[in-house]
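To start, the structure under review is shown below, and the notes come after it.
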Amino acid sequence: MRTSRRLAIVISLLATFSLTFPALTAADHSWGGYHWARTANPFTLQLGDNVGTTWDGYLTTASSDWSSTSYDGKTDSFGKVVLNPLRTSVVTGAAKRNCRPTTGRVEVCNGSYGNNGWLGLASIWLNSSGHITQGTAKFNDTYFNLSAYNNPNEKQHVVCQEIGHTFGLDHQSTSGADLNTCMDYFSNTGSNATNTDSTHPNLHDYGELTYIYSHLETYATVKATAPTKAGPAQAPGFAGDGTPIGASPARGIAYVTDFGGGNVVITFVIWAE
Ligand SMILES: [Zn+2]
Ligand SMILES: [Zn+2]
């Protein structure tokens, strides 16, 4: 019964978004049309810094990358003229333990989350109208402390990607091909450990953000001021929490978990190899 109720929620979400976003094509990498509600562009999304000093530089770089206007005016490969609607600011984290989410912003965390299979994990919470209300991005030191993953390029790739998911971006590719975007599954490990490809967003990521955030709302789920209390539900703390969405490509999968009361959490994981 629980499973069928979850399935019904998934199907109704999909139906809602296919009605709301009929123009999406296979070439797009919007994550289900999910986006933050806001009343004006550009908008600023706060990234709560709960990471240790060894991760701070990667967070700073990713925040700067995703706020970049250097591609504005350029046309991406799908004909989208970029006008980056997004700015991010790194602020003092409020997540405390277990990377607890905070309404209106994204909490960014690292920790030794165990041998659960995932390197990085991003979760977004949706309200009943399908807008993102809060997000978390987590990096698993259990793997990143191993020499196989403990290199700047793999770390930057995963930080950029998990934060990118919290804006509503999906992967551009799940094949492992090198598209030179952090939203691909290229591995900066092994013989590619010194390869700096795929450690930053590319032109199409900014084109996609421009597209996803082209309409405004009459209200905002993005909060500009420091919140005083944490948001409702916990992110799934381990891989496999919730109902899988679609087939699992080699390096990742998405899950949906319905907490009831209009609160749905969707989680993206990137597996260790
Ligand atoms: Zn909207
Ligand atoms: Zn991912």
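If you're wondering about the labels, chains in the structure tokens are A, B, ... by order shown, residues count from 1 in each chain, ligands from 1 in order shown.
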
Give me the residues of chain A that have any atom at most 8 Å from an atom of ligand 2; for each, the nearest atom pair and the distance in Å, rounded to one decimal. Use only C-alpha atoms and all ligand atoms, sort by chain and number, and format it as a tab-separated table.
```
residue	atom	partner	partner_atom_place_in_ligand_line	distance
A:Gly120	CA	ligand 2	1 (Zn)	7.8
A:Leu121	CA	ligand 2	1 (Zn)	7.5
A:Ala122	CA	ligand 2	1 (Zn)	7.5
A:Val158	CA	ligand 2	1 (Zn)	7.9
A:Gln161	CA	ligand 2	1 (Zn)	5.8
A:Glu162	CA	ligand 2	1 (Zn)	6.0
A:His165	CA	ligand 2	1 (Zn)	6.7
A:Asp170	CA	ligand 2	1 (Zn)	6.8
A:His171	CA	ligand 2	1 (Zn)	6.0
A:Met183	CA	ligand 2	1 (Zn)	6.7
A:Asp184	CA	ligand 2	1 (Zn)	7.6
A:Tyr185	CA	ligand 2	1 (Zn)	7.6
A:Gly252	CA	ligand 2	1 (Zn)	6.3
A:Ile253	CA	ligand 2	1 (Zn)	7.7
A:Phe268	CA	ligand 2	1 (Zn)	5.6
A:Val269	CA	ligand 2	1 (Zn)	5.8
A:Ile270	CA	ligand 2	1 (Zn)	5.3
```

Selection to disk with N, CA, C and O atoms, as a PDB file, in the first residue's frame:
```pdb
ATOM      1  N   GLY A 120      28.673  11.403  -3.656  1.00  0.00           N
ATOM      2  CA  GLY A 120      27.982  12.666  -3.493  1.00  0.00           C
ATOM      3  C   GLY A 120      26.491  12.442  -3.574  1.00  0.00           C
ATOM      4  O   GLY A 120      26.033  11.497  -4.228  1.00  0.00           O
ATOM      5  N   LEU A 121      25.720  13.306  -2.897  1.00  0.00           N
ATOM      6  CA  LEU A 121      24.276  13.128  -2.862  1.00  0.00           C
ATOM      7  C   LEU A 121      23.615  14.499  -2.788  1.00  0.00           C
ATOM      8  O   LEU A 121      24.027  15.347  -2.005  1.00  0.00           O
ATOM      9  N   ALA A 122      22.638  14.722  -3.641  1.00  0.00           N
ATOM     10  CA  ALA A 122      21.894  15.981  -3.631  1.00  0.00           C
ATOM     11  C   ALA A 122      20.421  15.674  -3.416  1.00  0.00           C
ATOM     12  O   ALA A 122      19.889  14.739  -4.011  1.00  0.00           O
ATOM     13  N   VAL A 158      32.484  16.721  -8.273  1.00  0.00           N
ATOM     14  CA  VAL A 158      31.333  16.277  -7.481  1.00  0.00           C
ATOM     15  C   VAL A 158      30.670  17.446  -6.751  1.00  0.00           C
ATOM     16  O   VAL A 158      29.442  17.555  -6.710  1.00  0.00           O
ATOM     17  N   GLN A 161      28.696  19.387  -9.297  1.00  0.00           N
ATOM     18  CA  GLN A 161      27.519  18.643  -9.757  1.00  0.00           C
ATOM     19  C   GLN A 161      26.410  18.582  -8.717  1.00  0.00           C
ATOM     20  O   GLN A 161      25.233  18.822  -9.027  1.00  0.00           O
ATOM     21  N   GLU A 162      26.757  18.242  -7.479  1.00  0.00           N
ATOM     22  CA  GLU A 162      25.706  18.100  -6.457  1.00  0.00           C
ATOM     23  C   GLU A 162      25.028  19.445  -6.193  1.00  0.00           C
ATOM     24  O   GLU A 162      23.808  19.510  -6.035  1.00  0.00           O
ATOM     25  N   HIS A 165      22.658  20.156  -9.050  1.00  0.00           N
ATOM     26  CA  HIS A 165      21.369  19.456  -8.935  1.00  0.00           C
ATOM     27  C   HIS A 165      20.369  20.254  -8.091  1.00  0.00           C
ATOM     28  O   HIS A 165      19.170  20.220  -8.354  1.00  0.00           O
ATOM     29  N   ASP A 170      19.724  18.414 -14.223  1.00  0.00           N
ATOM     30  CA  ASP A 170      20.027  16.981 -14.347  1.00  0.00           C
ATOM     31  C   ASP A 170      21.420  16.862 -14.979  1.00  0.00           C
ATOM     32  O   ASP A 170      22.088  17.861 -15.237  1.00  0.00           O
ATOM     33  N   HIS A 171      21.821  15.623 -15.263  1.00  0.00           N
ATOM     34  CA  HIS A 171      23.093  15.416 -15.957  1.00  0.00           C
ATOM     35  C   HIS A 171      22.943  15.720 -17.441  1.00  0.00           C
ATOM     36  O   HIS A 171      21.882  15.503 -18.011  1.00  0.00           O
ATOM     37  N   MET A 183      28.278  18.530 -14.963  1.00  0.00           N
ATOM     38  CA  MET A 183      27.027  17.793 -14.972  1.00  0.00           C
ATOM     39  C   MET A 183      27.124  16.554 -15.872  1.00  0.00           C
ATOM     40  O   MET A 183      26.125  16.087 -16.410  1.00  0.00           O
ATOM     41  N   ASP A 184      28.325  16.021 -16.043  1.00  0.00           N
ATOM     42  CA  ASP A 184      28.476  14.721 -16.719  1.00  0.00           C
ATOM     43  C   ASP A 184      29.061  13.711 -15.735  1.00  0.00           C
ATOM     44  O   ASP A 184      29.351  14.039 -14.579  1.00  0.00           O
ATOM     45  N   TYR A 185      29.220  12.477 -16.203  1.00  0.00           N
ATOM     46  CA  TYR A 185      29.743  11.403 -15.352  1.00  0.00           C
ATOM     47  C   TYR A 185      31.175  11.017 -15.693  1.00  0.00           C
ATOM     48  O   TYR A 185      31.615   9.915 -15.397  1.00  0.00           O
ATOM     49  N   GLY A 252      24.939   6.696 -11.286  1.00  0.00           N
ATOM     50  CA  GLY A 252      24.017   7.416 -10.426  1.00  0.00           C
ATOM     51  C   GLY A 252      22.578   7.021 -10.638  1.00  0.00           C
ATOM     52  O   GLY A 252      22.234   6.284 -11.549  1.00  0.00           O
ATOM     53  N   ILE A 253      21.717   7.525  -9.765  1.00  0.00           N
ATOM     54  CA  ILE A 253      20.282   7.249  -9.860  1.00  0.00           C
ATOM     55  C   ILE A 253      19.546   8.307  -9.040  1.00  0.00           C
ATOM     56  O   ILE A 253      20.131   8.946  -8.170  1.00  0.00           O
ATOM     57  N   PHE A 268      19.413  12.734  -5.744  1.00  0.00           N
ATOM     58  CA  PHE A 268      20.322  12.270  -6.785  1.00  0.00           C
ATOM     59  C   PHE A 268      21.586  11.750  -6.125  1.00  0.00           C
ATOM     60  O   PHE A 268      22.150  12.426  -5.261  1.00  0.00           O
ATOM     61  N   VAL A 269      22.028  10.590  -6.489  1.00  0.00           N
ATOM     62  CA  VAL A 269      23.296  10.101  -5.958  1.00  0.00           C
ATOM     63  C   VAL A 269      24.288   9.886  -7.087  1.00  0.00           C
ATOM     64  O   VAL A 269      23.903   9.564  -8.211  1.00  0.00           O
ATOM     65  N   ILE A 270      25.543  10.107  -6.790  1.00  0.00           N
ATOM     66  CA  ILE A 270      26.611   9.669  -7.692  1.00  0.00           C
ATOM     67  C   ILE A 270      27.370   8.566  -6.956  1.00  0.00           C
ATOM     68  O   ILE A 270      27.828   8.759  -5.830  1.00  0.00           O
TER      69      ILE A 270
END
```

Listing only residues of region 60-85 of chain A within 12 Å of region 41-53 of chain A, what is the closest atom pair and its distance in Å (to one decimal) for each, using only C-alpha atoms, sorted by chain and residue number ascending, as a Markdown table?
```
| residue | atom | partner | partner_atom | distance |
| --- | --- | --- | --- | --- |
| A:Thr60 | CA | A:Asp49 | CA | 9.5 |
| A:Ala62 | CA | A:Leu47 | CA | 10.3 |
| A:Ser63 | CA | A:Leu47 | CA | 7.9 |
| A:Ser64 | CA | A:Leu47 | CA | 11.3 |
| A:Trp66 | CA | A:Leu45 | CA | 10.5 |
| A:Ser67 | CA | A:Thr44 | CA | 8.8 |
| A:Ser68 | CA | A:Pro42 | CA | 11.4 |
| A:Thr69 | CA | A:Pro42 | CA | 10.5 |
| A:Leu83 | CA | A:Pro42 | CA | 8.9 |
| A:Asn84 | CA | A:Pro42 | CA | 7.3 |
| A:Pro85 | CA | A:Pro42 | CA | 4.2 |
```

Please return as a list in words the residues found within 7 Å of ligand 1, counting only C-alpha atoms and all ligand atoms. His35, Trp36, Ala37, His131, His215, Leu216 and Glu217 of chain A

Convert the current residue selection to file output with N, CA and C atoms, as a PDB file, in the first residue's frame.
```pdb
ATOM      1  N   HIS A  35      12.332  23.772 -10.023  1.00  0.00           N
ATOM      2  CA  HIS A  35      13.044  25.039  -9.884  1.00  0.00           C
ATOM      3  C   HIS A  35      12.555  25.760  -8.641  1.00  0.00           C
ATOM      4  N   TRP A  36      13.357  26.697  -8.189  1.00  0.00           N
ATOM      5  CA  TRP A  36      12.979  27.548  -7.062  1.00  0.00           C
ATOM      6  C   TRP A  36      12.000  28.600  -7.557  1.00  0.00           C
ATOM      7  N   ALA A  37      11.002  28.919  -6.740  1.00  0.00           N
ATOM      8  CA  ALA A  37      10.105  30.031  -7.063  1.00  0.00           C
ATOM      9  C   ALA A  37      10.761  31.327  -6.609  1.00  0.00           C
ATOM     10  N   HIS A 131       7.536  23.415  -6.646  1.00  0.00           N
ATOM     11  CA  HIS A 131       8.699  24.300  -6.546  1.00  0.00           C
ATOM     12  C   HIS A 131       9.631  23.828  -5.441  1.00  0.00           C
ATOM     13  N   HIS A 215      10.509  31.991 -16.335  1.00  0.00           N
ATOM     14  CA  HIS A 215       9.259  32.575 -15.843  1.00  0.00           C
ATOM     15  C   HIS A 215       9.388  32.927 -14.355  1.00  0.00           C
ATOM     16  N   LEU A 216       8.642  33.934 -13.949  1.00  0.00           N
ATOM     17  CA  LEU A 216       8.670  34.373 -12.547  1.00  0.00           C
ATOM     18  C   LEU A 216       7.405  33.901 -11.836  1.00  0.00           C
ATOM     19  N   GLU A 217       7.441  33.932 -10.513  1.00  0.00           N
ATOM     20  CA  GLU A 217       6.279  33.554  -9.706  1.00  0.00           C
ATOM     21  C   GLU A 217       5.802  34.791  -8.939  1.00  0.00           C
TER      22      GLU A 217
END
```

Near-region 30-34 of chain A list (7 Å; only C-alpha atoms; drop same-chain fewer than 5 positions) as a PyMOL selection string: chain A and resi 17+21+130-132+168-170+208+212

Near-region 134-149 of chain A list (7 Å; only C-alpha atoms; drop same-chain fewer than 5 positions) as number ranges by chain: A: 101-115, 118-125, 154, 162-163, 166, 189-190

Counting only C-alpha atoms, which of A:Thr174, A:Ser128, A:Ser187, A:Thr257 gets nearest to Ala272 (chain A)?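 Selected residue with least distance to Ala272 (chain A): A:Ser187.
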
What parts of region 20-182 of chain A does DSSP call alpha helix (DSSP H)? I'd like the answer as a ChimeraX atom specification. /A:20,53-66,141-144,152-165

Nearby residues (only C-alpha atoms) at most 6 Å from region 193-205 of chain A, same-chain spacing under 2 positions excluded, as a list in words: Asp76, Asn153, Gln156, His157, Asn180, Thr181, Cys182, Asn188, Thr189, Gly190, Ser191, Gly207 and Glu208 of chain A

Go through A:Tyr71, A:Val222, A:Tyr58, A:Lys155 one by one, measure the shortest atom-to-atom distance of each to Ala40 (chain A) using only C-alpha atoms, and give the residue with the smallest value.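 Once distances to Ala40 (chain A) are computed over only C-alpha atoms, the minimum belongs to A:Val222.
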
Do you have the CA of Val265 (chain A)-CA of Leu126 (chain A) distance handy?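 Atom-to-atom, CA of Val265 (chain A) to CA of Leu126 (chain A), that is 6.3 Å.
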
Find the residues around Phe186 (chain A) up to 8 Å (only C-alpha atoms counted), leave out those fewer than 6 positions away in its own chain, and share them as a ChimeraX atom specification. /A:175-179,198

May I have the selected residues written with all heavy atoms, as an mmCIF file, in the first residue's frame?
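Saved as out_6.cif:
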```cif
data_model
loop_
_atom_site.group_PDB
_atom_site.id
_atom_site.type_symbol
_atom_site.label_atom_id
_atom_site.label_comp_id
_atom_site.auth_asym_id
_atom_site.auth_seq_id
_atom_site.Cartn_x
_atom_site.Cartn_y
_atom_site.Cartn_z
ATOM 1 N N SER A 175 26.822 8.661 -19.588
ATOM 2 C CA SER A 175 27.598 7.585 -20.212
ATOM 3 C C SER A 175 29.034 7.516 -19.705
ATOM 4 O O SER A 175 29.735 6.542 -19.961
ATOM 5 C CB SER A 175 27.622 7.789 -21.726
ATOM 6 O OG SER A 175 28.421 8.919 -22.035
ATOM 7 N N GLY A 176 29.471 8.566 -19.000
ATOM 8 C CA GLY A 176 30.879 8.640 -18.618
ATOM 9 C C GLY A 176 31.702 9.431 -19.625
ATOM 10 O O GLY A 176 32.893 9.662 -19.409
ATOM 11 N N ALA A 177 31.058 9.846 -20.708
ATOM 12 C CA ALA A 177 31.752 10.648 -21.721
ATOM 13 C C ALA A 177 32.202 11.976 -21.123
ATOM 14 O O ALA A 177 31.574 12.499 -20.204
ATOM 15 C CB ALA A 177 30.825 10.907 -22.907
ATOM 16 N N ASP A 178 33.276 12.510 -21.671
ATOM 17 C CA ASP A 178 33.810 13.791 -21.214
ATOM 18 C C ASP A 178 33.180 14.918 -22.022
ATOM 19 O O ASP A 178 33.588 15.194 -23.145
ATOM 20 C CB ASP A 178 35.333 13.782 -21.388
ATOM 21 C CG ASP A 178 35.969 15.106 -20.987
ATOM 22 O OD1 ASP A 178 35.241 16.003 -20.497
ATOM 23 O OD2 ASP A 178 37.189 15.225 -21.154
ATOM 24 N N LEU A 179 32.162 15.574 -21.450
ATOM 25 C CA LEU A 179 31.525 16.724 -22.113
ATOM 26 C C LEU A 179 32.078 18.041 -21.576
ATOM 27 O O LEU A 179 31.576 19.103 -21.899
ATOM 28 C CB LEU A 179 30.007 16.684 -21.914
ATOM 29 C CG LEU A 179 29.252 15.461 -22.414
ATOM 30 C CD1 LEU A 179 27.751 15.692 -22.310
ATOM 31 C CD2 LEU A 179 29.636 15.111 -23.840
ATOM 32 N N SER A 198 35.546 18.814 -16.906
ATOM 33 C CA SER A 198 34.327 18.476 -16.156
ATOM 34 C C SER A 198 34.362 18.918 -14.696
ATOM 35 O O SER A 198 33.657 18.368 -13.856
ATOM 36 C CB SER A 198 34.023 16.974 -16.244
ATOM 37 O OG SER A 198 33.870 16.590 -17.600
#
```

Using CA of Thr92 (chain A) and CA of Tyr255 (chain A) as the two end points, give the distance in Å to one decimal.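 We find that CA of Thr92 (chain A) and CA of Tyr255 (chain A) lie 28.4 Å from each other.
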
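If you measure from each of A:Asn116, A:Phe78, A:Cys99, A:Asp72 to His29 (chain A) using only C-alpha atoms, the closest one turns out to be A:Phe78.
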
Residues of region 59-236 of chain A classed as strand (DSSP E or B) by DSSP on the backbone are to be reported as an MDAnalysis selection string. chainID A and resid 75 81 86:92 102 106:111 118:126 131:140 169 230

Tell me, in Å to one decimal, how far CA of Thr54 (chain A) is from CA of Thr225 (chain A).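 One can read the CA of Thr54 (chain A) to CA of Thr225 (chain A) distance as 27.1 Å.
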